[in-house]
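One structure is given below, encoded as structure tokens.
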Amino acid sequence: MLYVAVGLAGLGAVFAQVVDLRRGTDEANQTVYVQTIRRRETQMIAQTSTELKELVDQLSDSDPVTRQRARTQLVAIGSQDVTRALLVELNDPRQRIRWESAKALDAIADPISAAGLVLHLDDPDDDVRWLAAEALAKLGESGLLATLTGAIRMSRSTHFCHAAHHAFKEFHKQHVHADVLQPVIKACDGLDPTVHLPLESYRALCIIRTGTASTES
């Protein structure tokens, strides 16, 4: 839950305020204790959600220092709620917000961002595409599987092929199914990756998931 990201200090304060109730042994006091904890937790969640929204909104600020500060704080929180919020911002029509979101997702490296990042291997902006590839490479096998799946469906785009090529080379450097990736990288390097990359990506997926190559051609 998001309130965990606030830190133990906040919850410690809550427990300190109700410690006198906890000492009670009668059922009424125990009920009040539980209700107090739940009420304070709800308040903390609401407060943190508001702070999260404010930080996300600051990613569109015209001041680069403000944007960087907000991004740094979002990365420090690093919860799945932050990841989901950044994935939404990654679809903003403004390049600046997409770049900031991709940069933060790259630093957080949450596997749930894989599918969203793959879509932005075909982003209109070259810098965003590069960051999406870098971010996927940090996700290990989950990032690789998402990128291979995307390559089957999206390789008609030369922008996608170039960005995916970068991601595949990074996976190879990190020894993430490096042997399986050799034909995929070769397809990216070929004269027409839009034709050969989907097939090699499909074969690579078959090997990774089942341990056997597809016989389709």
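Just remember, in the structure tokens the first chain shown is A, the second B, etc., residues are 1-based per chain, and ligands are 1-based in the order shown.
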Quiz item: Excluding same-chain residues fewer than 3 positions from A:Glu200, what lies within 6 Å of it counting only C-alpha atoms, as a list in words?
Solution: Val184, Leu197 and Arg203 of chain A
Please extract the residues of stretch 26-153 of chain A with a backbone DSSP assignment of alpha helix (DSSP H) and present them as a short mmCIF file (atom, residue, chain, number, x, y, z; two decimals) with C-alpha atoms, in the first residue's frame.
data_model
loop_
_atom_site.label_atom_id
_atom_site.label_comp_id
_atom_site.auth_asym_id
_atom_site.auth_seq_id
_atom_site.Cartn_x
_atom_site.Cartn_y
_atom_site.Cartn_z
CA GLU A 27 -13.21 -5.54 24.68
CA ALA A 28 -14.50 -1.97 24.33
CA ASN A 29 -11.02 -0.48 24.51
CA GLN A 30 -9.69 -2.99 21.99
CA THR A 31 -12.48 -2.06 19.55
CA VAL A 32 -11.69 1.64 19.94
CA TYR A 33 -8.01 0.87 19.37
CA VAL A 34 -8.70 -0.94 16.09
CA GLN A 35 -11.05 1.79 14.89
CA THR A 36 -8.47 4.47 15.71
CA ILE A 37 -5.74 2.68 13.81
CA ARG A 38 -7.92 2.22 10.76
CA ARG A 39 -9.07 5.84 10.81
CA ARG A 40 -5.51 7.16 11.06
CA GLU A 41 -4.34 4.81 8.29
CA THR A 42 -7.12 6.08 6.04
CA GLN A 43 -6.11 9.66 6.78
CA MET A 44 -2.46 8.90 5.97
CA ILE A 45 -3.39 7.21 2.68
CA ALA A 46 -5.53 10.18 1.63
CA GLN A 47 -2.78 12.65 2.55
CA THR A 48 -0.11 10.66 0.71
CA SER A 49 -2.32 10.28 -2.38
CA THR A 50 -2.70 14.05 -2.49
CA GLU A 51 1.05 14.52 -2.18
CA LEU A 52 1.60 11.98 -4.95
CA LYS A 53 -0.75 13.84 -7.29
CA GLU A 54 1.04 17.11 -6.55
CA LEU A 55 4.42 15.54 -7.37
CA VAL A 56 3.13 14.07 -10.62
CA ASP A 57 1.64 17.43 -11.59
CA PRO A 64 13.52 22.00 -14.95
CA VAL A 65 14.70 22.11 -11.34
CA THR A 66 11.13 21.66 -10.10
CA ARG A 67 10.61 18.75 -12.48
CA GLN A 68 13.83 17.05 -11.41
CA ARG A 69 13.00 17.49 -7.73
CA ALA A 70 9.55 15.99 -8.24
CA ARG A 71 10.97 13.09 -10.23
CA THR A 72 13.56 12.40 -7.53
CA GLN A 73 10.87 12.31 -4.85
CA LEU A 74 8.67 10.00 -6.91
CA VAL A 75 11.58 7.62 -7.41
CA ALA A 76 12.32 7.70 -3.67
CA ILE A 77 8.71 6.67 -2.94
CA GLN A 80 3.37 0.61 -7.43
CA ASP A 81 0.97 3.55 -7.15
CA VAL A 82 3.80 5.78 -8.33
CA THR A 83 4.55 3.41 -11.21
CA ARG A 84 0.92 3.35 -12.30
CA ALA A 85 0.69 7.15 -12.15
CA LEU A 86 3.85 7.48 -14.24
CA LEU A 87 2.53 5.04 -16.83
CA VAL A 88 -0.48 7.30 -17.25
CA GLU A 89 1.78 10.33 -17.68
CA GLN A 95 7.24 15.32 -24.80
CA ARG A 96 8.61 16.86 -21.60
CA ILE A 97 6.20 14.91 -19.40
CA ARG A 98 6.76 11.65 -21.27
CA TRP A 99 10.53 12.08 -20.89
CA GLU A 100 10.28 12.77 -17.16
CA SER A 101 7.96 9.79 -16.69
CA ALA A 102 10.21 7.44 -18.65
CA LYS A 103 13.24 8.67 -16.71
CA ALA A 104 11.49 7.97 -13.40
CA LEU A 105 10.28 4.54 -14.53
CA ASP A 106 13.83 3.71 -15.58
CA ALA A 107 15.05 4.50 -12.05
CA ILE A 108 12.22 2.66 -10.26
CA ALA A 114 7.05 -3.47 -18.85
CA ALA A 115 3.99 -3.53 -21.11
CA GLY A 116 3.57 0.24 -20.98
CA LEU A 117 7.24 0.87 -21.72
CA VAL A 118 7.17 -1.41 -24.77
CA LEU A 119 4.54 0.79 -26.39
CA ASP A 126 13.81 9.62 -29.97
CA ASP A 127 14.87 10.44 -26.38
CA VAL A 128 11.73 8.87 -24.93
CA ARG A 129 12.25 5.76 -27.07
CA TRP A 130 15.81 5.47 -25.81
CA LEU A 131 14.74 5.80 -22.17
CA ALA A 132 11.99 3.22 -22.66
CA ALA A 133 14.57 0.77 -24.03
CA GLU A 134 16.92 1.45 -21.12
CA ALA A 135 14.10 1.02 -18.61
CA LEU A 136 13.00 -2.28 -20.14
CA ALA A 137 16.55 -3.61 -20.01
CA GLU A 141 13.41 -11.41 -18.00
CA SER A 142 10.04 -9.69 -17.57
CA GLY A 143 11.31 -6.77 -19.65
CA LEU A 144 12.72 -9.12 -22.28
CA LEU A 145 9.48 -11.10 -22.62
CA ALA A 146 7.51 -7.88 -23.01
CA THR A 147 9.93 -6.55 -25.63
CA LEU A 148 9.86 -9.78 -27.64
CA THR A 149 6.06 -9.81 -27.53
CA GLY A 150 6.01 -6.21 -28.69
CA ALA A 151 8.41 -7.01 -31.52
CA ILE A 152 5.99 -9.59 -32.91
CA ARG A 153 3.24 -7.00 -33.12
#
Practice problem: Give me the residues within 10 Å of A:His175 as a VMD selection string, counting only C-alpha atoms and dropping any in the same chain fewer than 6 places off. | Solution: chain A and resid 140 169 181
Would you write out those residues with C-alpha atoms, as an mmCIF file, in the first residue's frame?
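Contents of the output file again.cif:
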data_model
loop_
_atom_site.group_PDB
_atom_site.id
_atom_site.type_symbol
_atom_site.label_atom_id
_atom_site.label_comp_id
_atom_site.auth_asym_id
_atom_site.auth_seq_id
_atom_site.Cartn_x
_atom_site.Cartn_y
_atom_site.Cartn_z
ATOM 1 C CA GLY A 140 15.423 -8.519 -16.605
ATOM 2 C CA LYS A 169 21.665 -5.428 -26.950
ATOM 3 C CA LEU A 181 18.908 -13.295 -28.371
#
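Computed from the coordinates, the atom CA of A:Pro93 to atom CA of A:Met154 distance equals 20.2 Å.
For the pair atom CA of A:Ser60 and atom CA of A:Ser157, the interatomic distance is 28.4 Å.
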Practice problem: Please measure the separation of atom CA of A:Asp122 and atom CA of A:Gly190, giving the value in Å to one decimal. | Solution: 19.0 Å
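Distance annotation: of A:Pro124, A:His166, A:Ser201, A:Thr210, the residue with the minimal separation from A:Pro183 is A:Ser201; atom set is only C-alpha atoms.
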